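K.L.:
Pasting my_file26.pdb below, which is PDB, C-alpha atoms.
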```pdb
ATOM      1  CA  MET A   1      -1.426  21.220 -13.590  1.00  0.00           C
ATOM      2  CA  ASN A   2      -0.846  19.367 -10.307  1.00  0.00           C
ATOM      3  CA  LYS A   3      -1.697  15.705 -10.337  1.00  0.00           C
ATOM      4  CA  LYS A   4      -3.921  14.584  -7.439  1.00  0.00           C
ATOM      5  CA  LEU A   5      -2.291  11.848  -5.379  1.00  0.00           C
ATOM      6  CA  ASN A   6      -5.025   9.618  -3.988  1.00  0.00           C
ATOM      7  CA  THR A   7      -3.093   6.945  -2.173  1.00  0.00           C
ATOM      8  CA  TRP A   8       0.138   6.479  -0.271  1.00  0.00           C
ATOM      9  CA  GLU A   9       1.463   4.438  -3.189  1.00  0.00           C
ATOM     10  CA  ASP A  10       0.697   7.304  -5.620  1.00  0.00           C
ATOM     11  CA  PHE A  11       2.481   9.757  -3.343  1.00  0.00           C
ATOM     12  CA  LYS A  12       5.442   7.420  -2.871  1.00  0.00           C
ATOM     13  CA  LYS A  13       5.791   6.756  -6.601  1.00  0.00           C
ATOM     14  CA  GLU A  14       5.687  10.463  -7.400  1.00  0.00           C
ATOM     15  CA  SER A  15       8.085  11.398  -4.574  1.00  0.00           C
ATOM     16  CA  LEU A  16      10.655   8.775  -5.553  1.00  0.00           C
ATOM     17  CA  LYS A  17      11.067  10.454  -8.929  1.00  0.00           C
ATOM     18  CA  ASP A  18      13.157  13.057  -7.096  1.00  0.00           C
ATOM     19  CA  PRO A  19      16.744  11.664  -6.931  1.00  0.00           C
ATOM     20  CA  ILE A  20      17.389  13.227  -3.513  1.00  0.00           C
ATOM     21  CA  VAL A  21      14.244  11.686  -2.041  1.00  0.00           C
ATOM     22  CA  ARG A  22      15.030   8.326  -3.680  1.00  0.00           C
ATOM     23  CA  ARG A  23      18.582   8.298  -2.299  1.00  0.00           C
ATOM     24  CA  GLU A  24      17.375   9.028   1.259  1.00  0.00           C
ATOM     25  CA  TYR A  25      14.560   6.469   0.951  1.00  0.00           C
ATOM     26  CA  GLU A  26      17.055   3.807  -0.088  1.00  0.00           C
ATOM     27  CA  ARG A  27      19.474   4.815   2.670  1.00  0.00           C
ATOM     28  CA  LEU A  28      16.766   4.351   5.328  1.00  0.00           C
ATOM     29  CA  ALA A  29      15.333   1.123   3.869  1.00  0.00           C
ATOM     30  CA  PRO A  30      17.294  -1.277   6.137  1.00  0.00           C
ATOM     31  CA  GLU A  31      16.066   0.497   9.275  1.00  0.00           C
ATOM     32  CA  TYR A  32      12.474   0.275   8.126  1.00  0.00           C
ATOM     33  CA  GLU A  33      12.912  -3.394   7.212  1.00  0.00           C
ATOM     34  CA  ILE A  34      14.046  -4.090  10.782  1.00  0.00           C
ATOM     35  CA  ILE A  35      11.103  -2.164  12.231  1.00  0.00           C
ATOM     36  CA  LYS A  36       8.678  -3.989   9.947  1.00  0.00           C
ATOM     37  CA  ALA A  37      10.152  -7.378  10.918  1.00  0.00           C
ATOM     38  CA  ILE A  38       9.865  -6.597  14.637  1.00  0.00           C
ATOM     39  CA  ILE A  39       6.235  -5.497  14.338  1.00  0.00           C
ATOM     40  CA  GLU A  40       5.331  -8.500  12.161  1.00  0.00           C
ATOM     41  CA  ALA A  41       6.972 -10.979  14.560  1.00  0.00           C
ATOM     42  CA  ARG A  42       5.228  -9.413  17.556  1.00  0.00           C
ATOM     43  CA  THR A  43       1.786  -9.233  15.949  1.00  0.00           C
ATOM     44  CA  LYS A  44       2.077 -12.761  14.541  1.00  0.00           C
ATOM     45  CA  MET A  45       2.341 -13.948  18.139  1.00  0.00           C
ATOM     46  CA  ASN A  46      -0.668 -11.750  19.055  1.00  0.00           C
ATOM     47  CA  PHE A  47       1.485  -9.821  21.524  1.00  0.00           C
ATOM     48  CA  THR A  48       0.884  -6.210  22.426  1.00  0.00           C
ATOM     49  CA  GLN A  49       3.877  -3.991  23.014  1.00  0.00           C
ATOM     50  CA  ALA A  50       3.236  -4.407  26.747  1.00  0.00           C
ATOM     51  CA  ASN A  51       3.158  -8.228  26.450  1.00  0.00           C
ATOM     52  CA  ILE A  52       6.458  -8.442  24.606  1.00  0.00           C
ATOM     53  CA  ALA A  53       8.058  -5.872  26.909  1.00  0.00           C
ATOM     54  CA  LYS A  54       7.170  -7.909  29.988  1.00  0.00           C
ATOM     55  CA  LYS A  55       8.414 -11.085  28.341  1.00  0.00           C
ATOM     56  CA  ILE A  56      11.872  -9.608  27.632  1.00  0.00           C
ATOM     57  CA  GLY A  57      12.157  -7.479  30.776  1.00  0.00           C
ATOM     58  CA  THR A  58      11.740  -3.983  29.407  1.00  0.00           C
ATOM     59  CA  THR A  59       9.002  -1.371  29.186  1.00  0.00           C
ATOM     60  CA  GLN A  60       6.217  -0.872  26.670  1.00  0.00           C
ATOM     61  CA  SER A  61       7.651   2.554  25.871  1.00  0.00           C
ATOM     62  CA  ALA A  62      11.009   0.966  24.967  1.00  0.00           C
ATOM     63  CA  ILE A  63       9.234  -1.306  22.481  1.00  0.00           C
ATOM     64  CA  ALA A  64       7.293   1.673  21.112  1.00  0.00           C
ATOM     65  CA  ARG A  65      10.531   3.632  20.586  1.00  0.00           C
ATOM     66  CA  VAL A  66      12.082   0.740  18.676  1.00  0.00           C
ATOM     67  CA  GLU A  67       8.966   0.226  16.552  1.00  0.00           C
ATOM     68  CA  SER A  68       8.685   3.937  15.771  1.00  0.00           C
ATOM     69  CA  GLY A  69      12.330   4.160  14.739  1.00  0.00           C
ATOM     70  CA  THR A  70      13.326   6.612  17.454  1.00  0.00           C
ATOM     71  CA  ALA A  71      15.621   4.114  19.180  1.00  0.00           C
ATOM     72  CA  ASN A  72      18.369   1.895  17.837  1.00  0.00           C
ATOM     73  CA  PRO A  73      18.125  -1.485  19.560  1.00  0.00           C
ATOM     74  CA  SER A  74      21.279  -3.303  20.535  1.00  0.00           C
ATOM     75  CA  LEU A  75      22.077  -6.716  19.136  1.00  0.00           C
ATOM     76  CA  LYS A  76      21.366  -8.175  22.583  1.00  0.00           C
ATOM     77  CA  PHE A  77      17.917  -6.511  22.582  1.00  0.00           C
ATOM     78  CA  MET A  78      17.237  -7.889  19.092  1.00  0.00           C
ATOM     79  CA  HIS A  79      18.144 -11.411  20.253  1.00  0.00           C
ATOM     80  CA  LYS A  80      15.695 -11.062  23.157  1.00  0.00           C
ATOM     81  CA  LEU A  81      12.955  -9.972  20.761  1.00  0.00           C
ATOM     82  CA  ALA A  82      13.688 -12.906  18.473  1.00  0.00           C
ATOM     83  CA  ASP A  83      13.604 -15.384  21.366  1.00  0.00           C
ATOM     84  CA  ALA A  84      10.371 -13.923  22.735  1.00  0.00           C
ATOM     85  CA  THR A  85       8.652 -14.164  19.357  1.00  0.00           C
ATOM     86  CA  GLY A  86       9.907 -17.638  18.510  1.00  0.00           C
ATOM     87  CA  THR A  87      12.008 -16.354  15.646  1.00  0.00           C
ATOM     88  CA  ARG A  88      15.692 -16.404  14.762  1.00  0.00           C
ATOM     89  CA  LEU A  89      17.719 -13.242  14.270  1.00  0.00           C
ATOM     90  CA  SER A  90      19.590 -13.155  10.975  1.00  0.00           C
ATOM     91  CA  ILE A  91      21.865 -10.376   9.764  1.00  0.00           C
ATOM     92  CA  ARG A  92      23.264 -10.306   6.254  1.00  0.00           C
ATOM     93  CA  PHE A  93      25.609  -8.081   4.314  1.00  0.00           C
ATOM     94  CA  LEU A  94      24.626  -8.030   0.647  1.00  0.00           C
ATOM     95  CA  PRO A  95      26.655  -6.816  -2.319  1.00  0.00           C
ATOM     96  CA  GLN A  96      25.676  -3.386  -3.584  1.00  0.00           C
TER      97      GLN A  96
END
```
Show how you would write the structure in this file as structure tokens.
P.N.:
Amino acid sequence: MNKKLNTWEDFKKESLKDPIVRREYERLAPEYEIIKAIIEARTKMNFTQANIAKKIGTTQSAIARVESGTANPSLKFMHKLADATGTRLSIRFLPQ
């Protein structure tokens, strides 16, 4: 009998039981952490994508591509985002 999955968390928990799905989820985690951090920094400042784009000299669509994960921002772009949101960019390599 198929179990009904009512929430995203239920679906995620069930999906991550599959080792292939879990491995891919873990592989993509750093990218999603970056996206989440960008969105949180922007929204904490009450900036729209258009506001932050103007502040750093780019377009709203460029911000949207970064936040949707369809673009890989350069380190220079990330520094601009950090400056515009009053945050500091930090990159770490952690042991596995």
K.L.:
Counting only C-alpha atoms, which of A:Met78, A:Gly57, A:Gly69, A:Leu16 gets nearest to Pro30 (chain A)?
P.N.:
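Answer, going by the shortest atom-to-atom distance: A:Gly69.
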K.L.:
Go through A:Phe11, A:Thr43, A:Phe93, A:Asn6 one by one, measure the shortest atom-to-atom distance of each to Glu67 (chain A) using only C-alpha atoms, and give the residue with the smallest value.
P.N.:
A:Thr43
K.L.:
So the first atom is CA of Ile56 (chain A) and the second is CA of Lys80 (chain A); what is the distance between them in Å, to one decimal place?
P.N.:
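The value is 6.1 Å.
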K.L.:
From the list A:Leu89, A:Ala29, A:Ile38, A:Ile20, which residue is nearest Val66 (chain A) when using all atoms listed in the file?
P.N.:
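Using all atoms listed in the file, Val66 (chain A) sits closest to A:Ile38.
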K.L.:
Kindly resolve the PyMOL selection byres ((chain A and resi 63) around 10) on the present coordinates and return the residues as a short mmCIF file (atom, residue, chain, number, x, y, z; two decimals) with C-alpha atoms, in the coordinates of the input.
P.N.:
```cif
data_model
loop_
_atom_site.label_atom_id
_atom_site.label_comp_id
_atom_site.auth_asym_id
_atom_site.auth_seq_id
_atom_site.Cartn_x
_atom_site.Cartn_y
_atom_site.Cartn_z
CA ILE A 38 9.86 -6.60 14.64
CA ILE A 39 6.24 -5.50 14.34
CA THR A 48 0.88 -6.21 22.43
CA GLN A 49 3.88 -3.99 23.01
CA ALA A 50 3.24 -4.41 26.75
CA ILE A 52 6.46 -8.44 24.61
CA ALA A 53 8.06 -5.87 26.91
CA THR A 58 11.74 -3.98 29.41
CA THR A 59 9.00 -1.37 29.19
CA GLN A 60 6.22 -0.87 26.67
CA SER A 61 7.65 2.55 25.87
CA ALA A 62 11.01 0.97 24.97
CA ALA A 64 7.29 1.67 21.11
CA ARG A 65 10.53 3.63 20.59
CA VAL A 66 12.08 0.74 18.68
CA GLU A 67 8.97 0.23 16.55
CA SER A 68 8.68 3.94 15.77
CA GLY A 69 12.33 4.16 14.74
CA ALA A 71 15.62 4.11 19.18
CA PRO A 73 18.12 -1.48 19.56
CA LEU A 81 12.96 -9.97 20.76
#
```
K.L.:
Between CA of Phe77 (chain A) and CA of Ile34 (chain A), what is the distance in Å, rounded to a tenth?
P.N.:
12.7 Å
K.L.:
Could you check which of A:Arg88, A:Arg22, A:Lys54, A:Lys76 is closest to Ala37 (chain A), using only C-alpha atoms?
P.N.:
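Smallest distance to Ala37 (chain A) is found for A:Arg88.
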K.L.:
For a quick check of understanding, using all atoms listed in the file, which of A:Arg23, A:Lys17, A:Phe47, A:Lys4 has the smallest distance to Gly86 (chain A)?
P.N.:
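Using all atoms listed in the file, the shortest distance to Gly86 (chain A) belongs to A:Phe47.
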K.L.:
How big is the axis-aligned box, and where does its centre sit, when it encloses all atoms of region 6-21 of chain A listed in the file and has 3 Å added on every side, reported in Å to one decimal as AutoDock Vina command-line options?
P.N.:
```
--center_x 6.2 --center_y 8.8 --center_z -4.6 --size_x 28.4 --size_y 14.8 --size_z 14.7
```
K.L.:
What is the distance, in Å and to one decimal place, between CA of Lys44 (chain A) and CA of Leu28 (chain A)?
P.N.:
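Going from CA of Lys44 (chain A) over to CA of Leu28 (chain A), I get 24.4 Å.
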K.L.:
From the set A:Ala84, A:Ile91, A:Gln96, A:Tyr25, which residue has the shortest atom-to-atom contact distance to Ala41 (chain A), counting all atoms listed in the file?
P.N.:
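When distances to Ala41 (chain A) are compared using all atoms listed in the file, the smallest one comes from A:Ala84.
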K.L.:
Please export region 58-71 of chain A as an mmCIF file, in the first residue's frame, restricted to N, CA and C atoms.
P.N.:
```
data_model
loop_
_atom_site.group_PDB
_atom_site.id
_atom_site.type_symbol
_atom_site.label_atom_id
_atom_site.label_comp_id
_atom_site.auth_asym_id
_atom_site.auth_seq_id
_atom_site.Cartn_x
_atom_site.Cartn_y
_atom_site.Cartn_z
ATOM 1 N N THR A 58 23.687 45.275 -11.890
ATOM 2 C CA THR A 58 23.324 44.162 -12.768
ATOM 3 C C THR A 58 21.817 44.227 -13.025
ATOM 4 N N THR A 59 21.263 43.183 -13.560
ATOM 5 C CA THR A 59 19.836 43.164 -13.866
ATOM 6 C C THR A 59 19.085 42.279 -12.876
ATOM 7 N N GLN A 60 17.783 42.520 -12.780
ATOM 8 C CA GLN A 60 16.930 41.692 -11.938
ATOM 9 C C GLN A 60 16.976 40.251 -12.403
ATOM 10 N N SER A 61 17.010 40.042 -13.717
ATOM 11 C CA SER A 61 17.029 38.669 -14.237
ATOM 12 C C SER A 61 18.317 37.942 -13.855
ATOM 13 N N ALA A 62 19.421 38.669 -13.737
ATOM 14 C CA ALA A 62 20.680 38.040 -13.296
ATOM 15 C C ALA A 62 20.550 37.566 -11.851
ATOM 16 N N ILE A 63 19.924 38.369 -11.008
ATOM 17 C CA ILE A 63 19.692 37.972 -9.620
ATOM 18 C C ILE A 63 18.767 36.764 -9.573
ATOM 19 N N ALA A 64 17.715 36.791 -10.386
ATOM 20 C CA ALA A 64 16.763 35.674 -10.429
ATOM 21 C C ALA A 64 17.452 34.381 -10.851
ATOM 22 N N ARG A 65 18.354 34.459 -11.824
ATOM 23 C CA ARG A 65 19.076 33.255 -12.270
ATOM 24 C C ARG A 65 19.958 32.692 -11.160
ATOM 25 N N VAL A 66 20.610 33.566 -10.414
ATOM 26 C CA VAL A 66 21.445 33.114 -9.306
ATOM 27 C C VAL A 66 20.573 32.472 -8.229
ATOM 28 N N GLU A 67 19.472 33.134 -7.886
ATOM 29 C CA GLU A 67 18.604 32.629 -6.820
ATOM 30 C C GLU A 67 17.850 31.360 -7.208
ATOM 31 N N SER A 68 17.684 31.130 -8.499
ATOM 32 C CA SER A 68 17.000 29.904 -8.931
ATOM 33 C C SER A 68 17.984 28.757 -9.152
ATOM 34 N N GLY A 69 19.273 29.061 -9.112
ATOM 35 C CA GLY A 69 20.278 28.025 -9.286
ATOM 36 C C GLY A 69 20.635 27.745 -10.731
ATOM 37 N N THR A 70 20.168 28.594 -11.642
ATOM 38 C CA THR A 70 20.486 28.366 -13.055
ATOM 39 C C THR A 70 21.738 29.098 -13.503
ATOM 40 N N ALA A 71 22.342 29.867 -12.596
ATOM 41 C CA ALA A 71 23.596 30.556 -12.911
ATOM 42 C C ALA A 71 24.565 30.342 -11.763
#
```
